[in-house]
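The data block below is target.cif; it holds mmCIF, C-alpha atoms.
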data_work
loop_
_atom_site.group_PDB
_atom_site.id
_atom_site.type_symbol
_atom_site.label_atom_id
_atom_site.label_comp_id
_atom_site.auth_asym_id
_atom_site.auth_seq_id
_atom_site.Cartn_x
_atom_site.Cartn_y
_atom_site.Cartn_z
ATOM 1 C CA MET A 732 150.911 46.028 157.239
ATOM 2 C CA ALA A 733 151.853 49.688 157.665
ATOM 3 C CA THR A 734 150.005 52.001 160.003
ATOM 4 C CA ALA A 735 149.328 55.733 159.966
ATOM 5 C CA THR A 736 147.938 58.198 162.466
ATOM 6 C CA PHE A 737 145.121 60.570 161.524
ATOM 7 C CA ARG A 738 144.418 63.616 163.674
ATOM 8 C CA ILE A 739 140.704 64.192 163.061
ATOM 9 C CA TRP A 740 138.612 67.132 164.210
ATOM 10 C CA ARG A 741 135.732 65.888 166.337
ATOM 11 C CA GLY A 742 132.994 68.215 167.520
ATOM 12 C CA ASP A 743 129.899 70.214 166.660
ATOM 13 C CA ARG A 744 128.749 73.853 166.336
ATOM 14 C CA GLU A 745 129.585 74.545 169.973
ATOM 15 C CA LYS A 746 133.072 73.098 170.392
ATOM 16 C CA GLY A 747 135.511 70.554 169.069
ATOM 17 C CA THR A 748 138.986 69.109 169.384
ATOM 18 C CA LEU A 749 141.512 67.074 167.394
ATOM 19 C CA GLN A 750 141.681 63.372 168.251
ATOM 20 C CA ASP A 751 144.295 60.874 167.058
ATOM 21 C CA TYR A 752 143.395 57.531 165.483
ATOM 22 C CA THR A 753 145.966 54.999 164.313
ATOM 23 C CA THR A 754 144.868 52.568 161.638
ATOM 24 C CA GLU A 755 146.320 50.120 159.128
ATOM 25 C CA VAL A 756 146.892 51.478 155.629
ATOM 26 C CA SER A 757 147.749 49.784 152.374
ATOM 27 C CA GLU A 758 148.875 50.674 148.886
ATOM 28 C CA GLY A 759 146.353 52.614 146.817
ATOM 29 C CA MET A 760 144.354 53.970 149.739
ATOM 30 C CA VAL A 761 143.027 57.516 149.785
ATOM 31 C CA VAL A 762 142.169 59.616 152.829
ATOM 32 C CA LEU A 763 138.479 58.736 152.493
ATOM 33 C CA ASP A 764 139.381 55.027 152.739
ATOM 34 C CA ALA A 765 141.201 55.709 155.997
ATOM 35 C CA MET A 766 138.225 57.692 157.352
ATOM 36 C CA HIS A 767 135.900 54.785 156.539
ATOM 37 C CA LYS A 768 138.234 52.297 158.225
ATOM 38 C CA ILE A 769 138.454 54.442 161.361
ATOM 39 C CA GLN A 770 134.684 54.894 161.279
ATOM 40 C CA ALA A 771 134.156 51.130 161.037
ATOM 41 C CA ASP A 772 136.739 50.018 163.604
ATOM 42 C CA GLN A 773 137.200 52.804 166.152
ATOM 43 C CA ALA A 774 134.731 55.683 165.843
ATOM 44 C CA ASN A 775 131.326 54.521 164.660
ATOM 45 C CA ASP A 776 129.862 57.975 165.243
ATOM 46 C CA LEU A 777 132.403 59.818 163.052
ATOM 47 C CA ALA A 778 130.442 62.086 160.697
ATOM 48 C CA LEU A 779 131.633 62.769 157.168
ATOM 49 C CA ARG A 780 130.072 63.374 153.763
ATOM 50 C CA TRP A 781 130.794 61.286 150.701
ATOM 51 C CA ASN A 782 128.935 59.833 147.754
ATOM 52 C CA CYS A 783 130.715 58.851 144.545
ATOM 53 C CA LYS A 784 134.305 58.296 145.751
ATOM 54 C CA ALA A 785 135.379 59.313 142.251
ATOM 55 C CA GLY A 786 136.017 63.037 142.530
ATOM 56 C CA LYS A 787 132.772 63.998 140.802
ATOM 57 C CA CYS A 788 130.154 64.604 143.496
ATOM 58 C CA GLY A 789 132.093 67.176 145.530
ATOM 59 C CA SER A 790 130.766 65.789 148.817
ATOM 60 C CA CYS A 791 133.925 64.797 150.690
ATOM 61 C CA SER A 792 135.570 68.218 150.870
ATOM 62 C CA ALA A 793 137.828 68.676 153.900
ATOM 63 C CA GLU A 794 141.112 70.245 154.947
ATOM 64 C CA ILE A 795 143.987 67.792 154.875
ATOM 65 C CA ASN A 796 147.121 69.050 156.593
ATOM 66 C CA GLY A 797 145.602 72.526 156.328
ATOM 67 C CA LEU A 798 144.874 72.422 152.588
ATOM 68 C CA PRO A 799 141.326 72.213 151.166
ATOM 69 C CA LYS A 800 141.076 68.935 149.239
ATOM 70 C CA LEU A 801 138.725 66.118 148.306
ATOM 71 C CA MET A 802 139.332 63.175 150.633
ATOM 72 C CA CYS A 803 138.575 60.703 147.854
ATOM 73 C CA MET A 804 141.226 62.201 145.561
ATOM 74 C CA THR A 805 144.022 62.570 148.115
ATOM 75 C CA ARG A 806 146.177 59.463 147.996
ATOM 76 C CA LEU A 807 148.049 58.478 151.116
ATOM 77 C CA ASN A 808 151.277 58.018 149.150
ATOM 78 C CA THR A 809 151.271 61.785 148.531
ATOM 79 C CA LEU A 810 151.326 62.502 152.278
ATOM 80 C CA ARG A 811 153.977 62.085 154.937
ATOM 81 C CA LEU A 812 152.770 59.179 157.038
ATOM 82 C CA ASP A 813 155.649 59.327 159.516
ATOM 83 C CA GLN A 814 153.694 62.079 161.271
ATOM 84 C CA PRO A 815 149.971 62.532 161.985
ATOM 85 C CA VAL A 816 147.793 63.485 159.009
ATOM 86 C CA THR A 817 145.421 66.247 160.101
ATOM 87 C CA VAL A 818 141.873 66.029 158.733
ATOM 88 C CA GLU A 819 139.537 68.928 159.511
ATOM 89 C CA PRO A 820 136.238 70.319 158.177
ATOM 90 C CA MET A 821 136.248 73.292 155.811
ATOM 91 C CA ARG A 822 136.964 76.337 157.949
ATOM 92 C CA ALA A 823 134.992 78.884 155.934
ATOM 93 C CA PHE A 824 131.673 77.235 156.832
ATOM 94 C CA PRO A 825 130.132 76.495 160.230
ATOM 95 C CA PRO A 826 130.600 72.903 161.438
ATOM 96 C CA ILE A 827 127.622 70.636 161.917
ATOM 97 C CA LYS A 828 129.400 67.549 163.261
ATOM 98 C CA ASP A 829 132.974 66.353 162.869
ATOM 99 C CA LEU A 830 133.952 66.717 159.184
ATOM 100 C CA VAL A 831 130.494 67.829 158.018
ATOM 101 C CA THR A 832 129.947 71.567 157.486
ATOM 102 C CA ASP A 833 126.866 73.655 156.741
ATOM 103 C CA VAL A 834 127.274 74.801 153.120
ATOM 104 C CA SER A 835 123.642 75.906 152.665
ATOM 105 C CA TRP A 836 124.748 79.544 152.284
ATOM 106 C CA ASN A 837 126.058 78.641 148.830
ATOM 107 C CA PHE A 838 122.639 77.526 147.641
ATOM 108 C CA ARG A 839 121.049 80.735 148.883
ATOM 109 C CA VAL A 840 123.607 82.748 146.907
ATOM 110 C CA LYS A 841 122.822 80.805 143.747
ATOM 111 C CA LYS A 842 119.131 81.634 144.054
ATOM 112 C CA GLY A 843 120.012 85.343 143.878
ATOM 113 C CA ILE A 844 121.763 85.089 140.508
ATOM 114 C CA LYS A 845 119.747 85.952 137.414
ATOM 115 C CA LYS A 846 118.935 82.791 135.522
ATOM 116 C CA PHE A 847 119.745 81.894 131.925
ATOM 117 C CA ASN A 848 117.764 84.094 129.541
ATOM 118 C CA PRO A 849 118.177 83.082 125.876
ATOM 119 C CA ARG A 850 117.565 85.346 122.904
ATOM 120 C CA PRO A 851 114.680 84.503 120.554
ATOM 121 C CA PRO A 852 115.351 81.496 118.320
ATOM 122 C CA ASP A 853 117.306 82.122 115.143
ATOM 123 C CA ALA A 854 115.240 79.822 112.966
ATOM 124 C CA PRO A 855 111.501 79.192 112.473
ATOM 125 C CA ASP A 856 111.875 75.707 113.934
ATOM 126 C CA GLY A 857 112.846 77.219 117.308
ATOM 127 C CA THR A 858 116.574 76.466 117.134
ATOM 128 C CA TRP A 859 119.650 78.679 117.451
ATOM 129 C CA ARG A 860 122.925 79.013 115.602
ATOM 130 C CA MET A 861 126.142 79.233 117.614
ATOM 131 C CA ALA A 862 129.840 79.253 116.780
ATOM 132 C CA GLN A 863 131.829 76.338 118.194
ATOM 133 C CA GLN A 864 134.466 78.659 119.664
ATOM 134 C CA ASP A 865 131.769 80.392 121.718
ATOM 135 C CA ILE A 866 130.630 77.028 123.088
ATOM 136 C CA ASP A 867 134.208 76.012 123.870
ATOM 137 C CA ARG A 868 134.736 79.200 125.880
ATOM 138 C CA VAL A 869 132.142 78.328 128.535
ATOM 139 C CA GLN A 870 132.509 74.558 128.484
ATOM 140 C CA GLU A 871 135.149 74.381 131.223
ATOM 141 C CA PHE A 872 132.848 76.230 133.640
ATOM 142 C CA ARG A 873 130.392 73.327 133.366
ATOM 143 C CA LYS A 874 132.946 71.006 134.985
ATOM 144 C CA CYS A 875 132.335 72.501 138.441
ATOM 145 C CA ILE A 876 131.287 69.808 140.929
ATOM 146 C CA GLU A 877 130.323 72.319 143.654
ATOM 147 C CA CYS A 878 132.758 70.937 146.180
ATOM 148 C CA PHE A 879 133.076 74.538 147.466
ATOM 149 C CA LEU A 880 136.814 74.162 148.043
ATOM 150 C CA CYS A 881 137.350 77.406 146.133
ATOM 151 C CA GLN A 882 134.904 79.110 148.488
ATOM 152 C CA ASP A 883 136.718 77.621 151.470
ATOM 153 C CA VAL A 884 140.159 78.838 150.406
ATOM 154 C CA CYS A 885 138.987 82.344 149.386
ATOM 155 C CA HIS A 886 140.310 84.805 151.972
ATOM 156 C CA VAL A 887 137.349 87.162 151.431
ATOM 157 C CA LEU A 888 135.095 84.490 152.929
ATOM 158 C CA ARG A 889 137.525 82.489 155.049
ATOM 159 C CA GLU A 890 139.250 85.371 156.823
ATOM 160 C CA HIS A 891 137.079 88.450 156.279
ATOM 161 C CA ASN A 892 133.619 86.813 156.441
ATOM 162 C CA HIS A 893 132.007 88.851 153.643
ATOM 163 C CA PHE A 894 129.166 86.360 153.319
ATOM 164 C CA ASP A 895 126.551 89.107 153.021
ATOM 165 C CA ASP A 896 128.069 90.944 150.068
ATOM 166 C CA PHE A 897 130.383 88.537 148.236
ATOM 167 C CA ALA A 898 129.351 85.598 146.061
ATOM 168 C CA GLY A 899 132.736 83.863 145.942
ATOM 169 C CA PRO A 900 134.694 82.177 143.142
ATOM 170 C CA ARG A 901 132.290 79.282 142.656
ATOM 171 C CA PHE A 902 129.501 81.677 141.699
ATOM 172 C CA PHE A 903 131.713 83.924 139.623
ATOM 173 C CA VAL A 904 132.331 80.790 137.579
ATOM 174 C CA HIS A 905 128.568 80.226 137.413
ATOM 175 C CA ILE A 906 127.930 83.831 136.359
ATOM 176 C CA ALA A 907 130.716 83.628 133.773
ATOM 177 C CA ALA A 908 129.069 80.527 132.293
ATOM 178 C CA LEU A 909 125.861 82.547 131.889
ATOM 179 C CA GLU A 910 127.364 85.891 130.849
ATOM 180 C CA MET A 911 129.617 84.329 128.211
ATOM 181 C CA HIS A 912 127.002 81.951 126.852
ATOM 182 C CA PRO A 913 126.384 82.844 123.181
ATOM 183 C CA LEU A 914 122.588 82.737 123.632
ATOM 184 C CA ASP A 915 122.186 84.565 126.941
ATOM 185 C CA VAL A 916 120.968 88.183 126.809
ATOM 186 C CA GLU A 917 120.613 88.905 130.530
ATOM 187 C CA ASP A 918 122.737 91.671 132.087
ATOM 188 C CA ARG A 919 124.322 90.760 135.429
ATOM 189 C CA VAL A 920 127.118 93.342 135.494
ATOM 190 C CA GLU A 921 125.502 95.704 137.990
ATOM 191 C CA GLU A 922 124.782 92.793 140.346
ATOM 192 C CA LEU A 923 128.397 91.660 140.003
ATOM 193 C CA LYS A 924 129.524 95.040 141.326
ATOM 194 C CA GLN A 925 126.862 95.575 143.970
ATOM 195 C CA ALA A 926 125.193 92.430 145.309
ATOM 196 C CA HIS A 927 127.946 89.923 144.445
ATOM 197 C CA GLY A 928 130.926 92.113 145.420
ATOM 198 C CA ILE A 929 133.385 91.048 142.743
ATOM 199 C CA GLY A 930 135.518 94.062 143.645
ATOM 200 C CA TYR A 931 136.588 92.327 146.855
ATOM 201 C CA CYS A 932 138.491 89.716 144.836
ATOM 202 C CA ASN A 933 142.156 90.658 144.438
ATOM 203 C CA ILE A 934 142.912 87.745 142.083
ATOM 204 C CA THR A 935 145.359 85.842 144.277
ATOM 205 C CA THR A 936 144.567 82.688 142.192
ATOM 206 C CA CYS A 937 144.245 80.520 145.331
ATOM 207 C CA CYS A 938 140.831 79.328 144.134
ATOM 208 C CA ARG A 939 142.211 78.274 140.762
ATOM 209 C CA LYS A 940 145.106 76.412 142.363
ATOM 210 C CA ILE A 941 142.817 74.426 144.666
ATOM 211 C CA CYS A 942 140.143 73.447 142.094
ATOM 212 C CA PRO A 943 140.021 69.632 141.677
ATOM 213 C CA GLU A 944 138.586 70.053 138.161
ATOM 214 C CA ASN A 945 141.400 72.433 137.161
ATOM 215 C CA ILE A 946 138.970 75.159 136.094
ATOM 216 C CA THR A 947 140.889 78.339 135.259
ATOM 217 C CA ILE A 948 138.752 80.316 137.688
ATOM 218 C CA THR A 949 140.813 83.474 137.983
ATOM 219 C CA GLU A 950 142.005 84.052 134.442
ATOM 220 C CA ASN A 951 139.004 82.757 132.471
ATOM 221 C CA ALA A 952 136.089 83.701 134.741
ATOM 222 C CA ILE A 953 136.874 86.343 137.362
ATOM 223 C CA ILE A 954 139.175 88.653 135.386
ATOM 224 C CA PRO A 955 136.838 88.874 132.341
ATOM 225 C CA LEU A 956 133.928 89.644 134.690
ATOM 226 C CA LYS A 957 135.995 92.319 136.438
ATOM 227 C CA GLU A 958 136.737 93.822 133.020
ATOM 228 C CA ARG A 959 133.024 94.014 132.259
ATOM 229 C CA VAL A 960 132.387 95.835 135.528
ATOM 230 C CA ALA A 961 135.275 98.222 134.861
ATOM 231 C CA ASP A 962 134.046 98.916 131.324
ATOM 232 C CA GLN A 963 130.525 99.700 132.463
ATOM 233 C CA PHE A 964 131.202 101.657 135.643
ATOM 234 C CA TYR A 965 134.700 103.099 135.458
ATOM 235 C CA ASP A 966 135.718 103.573 131.825
ATOM 236 C CA PRO A 967 135.260 107.314 131.011
ATOM 237 C CA LEU A 968 134.604 106.742 127.306
ATOM 238 C CA SER A 969 131.950 104.146 128.019
ATOM 239 C CA ARG A 970 130.316 106.470 130.527
ATOM 240 C CA LEU A 971 130.366 109.359 128.024
ATOM 241 C CA PHE A 972 128.770 107.111 125.421
ATOM 242 C CA ARG A 973 125.972 106.199 127.854
ATOM 243 C CA VAL A 974 125.354 109.887 128.598
ATOM 244 C CA PHE A 975 124.935 110.768 124.933
ATOM 245 C CA ARG A 976 122.818 107.698 124.271
ATOM 246 C CA SER A 977 120.602 108.542 127.240
ATOM 247 C CA ARG A 978 120.152 112.106 125.985
ATOM 248 C CA ASN A 979 119.200 110.882 122.536
ATOM 249 C CA GLN A 980 116.641 108.569 124.066
ATOM 250 C CA GLY A 981 115.246 111.301 126.303
ATOM 251 C CA GLY A 982 116.390 109.677 129.523
ATOM 252 C CA PRO A 983 118.514 110.969 132.420
ATOM 253 C CA THR A 984 121.744 112.699 131.475
ATOM 254 C CA CYS A 985 124.029 110.703 133.743
ATOM 255 C CA HIS A 986 124.538 107.156 134.934
ATOM 256 C CA PRO A 987 124.961 106.773 138.689
ATOM 257 C CA ILE A 988 128.021 104.954 139.899
#
Written as structure tokens, that's how I'd like the structure from this file.
Amino acid sequence: MATATFRIWRGDREKGTLQDYTTEVSEGMVVLDAMHKIQADQANDLALRWNCKAGKCGSCSAEINGLPKLMCMTRLNTLRLDQPVTVEPMRAFPPIKDLVTDVSWNFRVKKGIKKFNPRPPDAPDGTWRMAQQDIDRVQEFRKCIECFLCQDVCHVLREHNHFDDFAGPRFFVHIAALEMHPLDVEDRVEELKQAHGIGYCNITTCCRKICPENITITENAIIPLKERVADQFYDPLSRLFRVFRSRNQGGPTCHPI
């Protein structure tokens, strides 16, 4: 039986190092299989997250040879096994132990996003009427498994550490699903500009390329949201319209930017 060497990051919040483990591998194995075999045979205390082993729970996110990936969806036959395969925790988030990182920041961000707010029902029986094309537009955003690989690869978080004023691609997808929903009437554009810092994104498309669900994050979510911010805060005609509307309603004569 063939063997392969895996160079795994071992450590905690204070310090860590890469350690090599050689194990037997067979046809059809994925990286998560190899981690489980090493855990069972050589390193019983190796910490890693996993749940479904089917690419749907988003738990087993890691960096394999420097690229953010799901361990359960990375087949060994796609990697060069004549050299060590490096397996590390996501670098954008603080390590807890070995391959497990603290992703709780993401859940705090989600709490700060305005929730779904539907318009009044269209019919007396309390139901709504929606066009199928409007439903289709937001459907792909529902595929997100919250693996946070897009957050991990985003340079605004990974390299520049804008955790206090940037929501990240995962939550731009979430906001897009709300903003583009045919029933939602909430306005999140000002928060996109201020609290969620969408202006930091320079649409490098790295998040879209890394998404295991192939969500078109950049083109279908982030760019349309950027356009909404630009229309509301930077388009001179839109601003002029708001000034006249405000005057007609007896409000302030300008809109602060």
Once you count all atoms listed in the file, what closest atom pair and distance in Å to one decimal does each residue of stretch 821-891 of chain A within 9 Å of stretch 761-778 of chain A have, with rows by chain and rising residue number, as a Markdown table?
| residue | atom | partner | partner_atom | distance |
| --- | --- | --- | --- | --- |
| A:Lys828 | CA | A:Ala778 | CA | 6.1 |
| A:Asp829 | CA | A:Ala778 | CA | 5.4 |
| A:Leu830 | CA | A:Ala778 | CA | 6.0 |
| A:Val831 | CA | A:Ala778 | CA | 6.3 |
With the PyMOL selection byres ((chain A and resi 926) around 12) as the selection, what would be picked from this file? Answer as a ChimeraX atom specification, please.
/A:840-841,843-845,893-899,919-925,927-931
For A:Asn796, the nearest of the candidates A:Thr817, A:Thr736, A:Asn808, A:Ser835, counting all atoms listed in the file
A:Thr817
Pick out the closest residue to A:Gln870 from this set: A:Val887, A:Leu971, A:Leu779, A:Met911. Count only C-alpha atoms.
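For A:Gln870, the nearest of the candidates is A:Met911.
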Box in all listed atoms of stretch 939-949 of chain A, axis-aligned, with 4 Å more on each side; write out centre and edge lengths in Å to one decimal as JSON.
{"center_x": 141.8, "center_y": 76.6, "center_z": 140.0, "size_x": 14.5, "size_y": 21.8, "size_z": 17.4}
Which residues, named as in the file, does the PyMOL selection byres ((chain A and resi 821) around 7) pick out? Answer as a list in words.
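With the PyMOL selection byres ((chain A and resi 821) around 7) on this model, the match is Ala793, Glu794, Pro799, Glu819, Pro820, Arg822, Ala823, Phe824, Thr832 and Asp883 of chain A.
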Kindly output stretch 822-847 of chain A as a PDB file, keeping the file's coordinate frame, after building N, CA, C and O atoms.
ATOM      1  N   ARG A 822     136.993  75.317 156.908  1.00  0.00           N
ATOM      2  CA  ARG A 822     136.964  76.337 157.949  1.00  0.00           C
ATOM      3  C   ARG A 822     136.079  77.529 157.606  1.00  0.00           C
ATOM      4  O   ARG A 822     135.679  78.291 158.490  1.00  0.00           O
ATOM      5  N   ALA A 823     135.788  77.717 156.322  1.00  0.00           N
ATOM      6  CA  ALA A 823     134.992  78.884 155.934  1.00  0.00           C
ATOM      7  C   ALA A 823     133.520  78.725 156.281  1.00  0.00           C
ATOM      8  O   ALA A 823     132.775  79.712 156.298  1.00  0.00           O
ATOM      9  N   PHE A 824     133.081  77.502 156.570  1.00  0.00           N
ATOM     10  CA  PHE A 824     131.673  77.235 156.832  1.00  0.00           C
ATOM     11  C   PHE A 824     131.484  76.667 158.233  1.00  0.00           C
ATOM     12  O   PHE A 824     132.358  75.967 158.751  1.00  0.00           O
ATOM     13  N   PRO A 825     130.343  76.960 158.853  1.00  0.00           N
ATOM     14  CA  PRO A 825     130.132  76.495 160.230  1.00  0.00           C
ATOM     15  C   PRO A 825     130.037  74.968 160.303  1.00  0.00           C
ATOM     16  O   PRO A 825     129.409  74.342 159.447  1.00  0.00           O
ATOM     17  N   PRO A 826     130.666  74.370 161.303  1.00  0.00           N
ATOM     18  CA  PRO A 826     130.600  72.903 161.438  1.00  0.00           C
ATOM     19  C   PRO A 826     129.224  72.442 161.895  1.00  0.00           C
ATOM     20  O   PRO A 826     128.538  73.150 162.647  1.00  0.00           O
ATOM     21  N   ILE A 827     128.836  71.289 161.424  1.00  0.00           N
ATOM     22  CA  ILE A 827     127.622  70.636 161.917  1.00  0.00           C
ATOM     23  C   ILE A 827     128.028  69.535 162.899  1.00  0.00           C
ATOM     24  O   ILE A 827     127.628  69.525 164.051  1.00  0.00           O
ATOM     25  N   LYS A 828     128.855  68.609 162.399  1.00  0.00           N
ATOM     26  CA  LYS A 828     129.400  67.549 163.261  1.00  0.00           C
ATOM     27  C   LYS A 828     130.645  66.975 162.596  1.00  0.00           C
ATOM     28  O   LYS A 828     130.612  66.630 161.413  1.00  0.00           O
ATOM     29  N   ASP A 829     131.708  66.916 163.344  1.00  0.00           N
ATOM     30  CA  ASP A 829     132.974  66.353 162.869  1.00  0.00           C
ATOM     31  C   ASP A 829     133.414  66.990 161.547  1.00  0.00           C
ATOM     32  O   ASP A 829     133.670  68.179 161.507  1.00  0.00           O
ATOM     33  N   LEU A 830     133.460  66.213 160.465  1.00  0.00           N
ATOM     34  CA  LEU A 830     133.952  66.717 159.184  1.00  0.00           C
ATOM     35  C   LEU A 830     132.854  67.286 158.292  1.00  0.00           C
ATOM     36  O   LEU A 830     133.120  67.686 157.155  1.00  0.00           O
ATOM     37  N   VAL A 831     131.635  67.338 158.798  1.00  0.00           N
ATOM     38  CA  VAL A 831     130.494  67.829 158.018  1.00  0.00           C
ATOM     39  C   VAL A 831     130.262  69.306 158.336  1.00  0.00           C
ATOM     40  O   VAL A 831     130.141  69.684 159.507  1.00  0.00           O
ATOM     41  N   THR A 832     130.190  70.133 157.301  1.00  0.00           N
ATOM     42  CA  THR A 832     129.947  71.567 157.486  1.00  0.00           C
ATOM     43  C   THR A 832     128.624  71.977 156.834  1.00  0.00           C
ATOM     44  O   THR A 832     128.106  71.297 155.947  1.00  0.00           O
ATOM     45  N   ASP A 833     128.119  73.118 157.272  1.00  0.00           N
ATOM     46  CA  ASP A 833     126.866  73.655 156.741  1.00  0.00           C
ATOM     47  C   ASP A 833     127.196  74.553 155.540  1.00  0.00           C
ATOM     48  O   ASP A 833     127.656  75.685 155.704  1.00  0.00           O
ATOM     49  N   VAL A 834     126.965  74.048 154.347  1.00  0.00           N
ATOM     50  CA  VAL A 834     127.274  74.801 153.120  1.00  0.00           C
ATOM     51  C   VAL A 834     126.016  75.388 152.484  1.00  0.00           C
ATOM     52  O   VAL A 834     126.030  75.792 151.325  1.00  0.00           O
ATOM     53  N   SER A 835     124.917  75.457 153.229  1.00  0.00           N
ATOM     54  CA  SER A 835     123.642  75.906 152.665  1.00  0.00           C
ATOM     55  C   SER A 835     123.690  77.354 152.187  1.00  0.00           C
ATOM     56  O   SER A 835     122.912  77.746 151.310  1.00  0.00           O
ATOM     57  N   TRP A 836     124.599  78.158 152.743  1.00  0.00           N
ATOM     58  CA  TRP A 836     124.748  79.544 152.284  1.00  0.00           C
ATOM     59  C   TRP A 836     124.986  79.599 150.776  1.00  0.00           C
ATOM     60  O   TRP A 836     124.473  80.470 150.083  1.00  0.00           O
ATOM     61  N   ASN A 837     125.753  78.657 150.258  1.00  0.00           N
ATOM     62  CA  ASN A 837     126.058  78.641 148.830  1.00  0.00           C
ATOM     63  C   ASN A 837     124.798  78.514 147.978  1.00  0.00           C
ATOM     64  O   ASN A 837     124.687  79.156 146.926  1.00  0.00           O
ATOM     65  N   PHE A 838     123.861  77.732 148.419  1.00  0.00           N
ATOM     66  CA  PHE A 838     122.639  77.526 147.641  1.00  0.00           C
ATOM     67  C   PHE A 838     121.742  78.750 147.698  1.00  0.00           C
ATOM     68  O   PHE A 838     121.018  79.047 146.738  1.00  0.00           O
ATOM     69  N   ARG A 839     121.807  79.481 148.801  1.00  0.00           N
ATOM     70  CA  ARG A 839     121.049  80.735 148.883  1.00  0.00           C
ATOM     71  C   ARG A 839     121.642  81.783 147.940  1.00  0.00           C
ATOM     72  O   ARG A 839     120.902  82.555 147.320  1.00  0.00           O
ATOM     73  N   VAL A 840     122.959  81.819 147.841  1.00  0.00           N
ATOM     74  CA  VAL A 840     123.607  82.748 146.907  1.00  0.00           C
ATOM     75  C   VAL A 840     123.183  82.451 145.477  1.00  0.00           C
ATOM     76  O   VAL A 840     122.864  83.358 144.698  1.00  0.00           O
ATOM     77  N   LYS A 841     123.156  81.182 145.125  1.00  0.00           N
ATOM     78  CA  LYS A 841     122.822  80.805 143.747  1.00  0.00           C
ATOM     79  C   LYS A 841     121.410  81.245 143.371  1.00  0.00           C
ATOM     80  O   LYS A 841     121.147  81.626 142.223  1.00  0.00           O
ATOM     81  N   LYS A 842     120.499  81.211 144.327  1.00  0.00           N
ATOM     82  CA  LYS A 842     119.131  81.634 144.054  1.00  0.00           C
ATOM     83  C   LYS A 842     119.050  83.115 143.697  1.00  0.00           C
ATOM     84  O   LYS A 842     118.112  83.552 143.018  1.00  0.00           O
ATOM     85  N   GLY A 843     120.027  83.909 144.142  1.00  0.00           N
ATOM     86  CA  GLY A 843     120.012  85.343 143.878  1.00  0.00           C
ATOM     87  C   GLY A 843     120.653  85.753 142.572  1.00  0.00           C
ATOM     88  O   GLY A 843     120.729  86.950 142.269  1.00  0.00           O
ATOM     89  N   ILE A 844     121.123  84.796 141.792  1.00  0.00           N
ATOM     90  CA  ILE A 844     121.763  85.089 140.508  1.00  0.00           C
ATOM     91  C   ILE A 844     120.734  84.968 139.387  1.00  0.00           C
ATOM     92  O   ILE A 844     119.979  83.993 139.334  1.00  0.00           O
ATOM     93  N   LYS A 845     120.704  85.976 138.529  1.00  0.00           N
ATOM     94  CA  LYS A 845     119.747  85.952 137.414  1.00  0.00           C
ATOM     95  C   LYS A 845     119.955  84.705 136.564  1.00  0.00           C
ATOM     96  O   LYS A 845     121.069  84.375 136.187  1.00  0.00           O
ATOM     97  N   LYS A 846     118.867  84.053 136.244  1.00  0.00           N
ATOM     98  CA  LYS A 846     118.935  82.791 135.522  1.00  0.00           C
ATOM     99  C   LYS A 846     119.203  82.991 134.029  1.00  0.00           C
ATOM    100  O   LYS A 846     119.133  84.107 133.510  1.00  0.00           O
ATOM    101  N   PHE A 847     119.487  81.903 133.365  1.00  0.00           N
ATOM    102  CA  PHE A 847     119.745  81.894 131.925  1.00  0.00           C
ATOM    103  C   PHE A 847     118.554  82.470 131.172  1.00  0.00           C
ATOM    104  O   PHE A 847     117.407  82.078 131.398  1.00  0.00           O
TER     105      PHE A 847
END
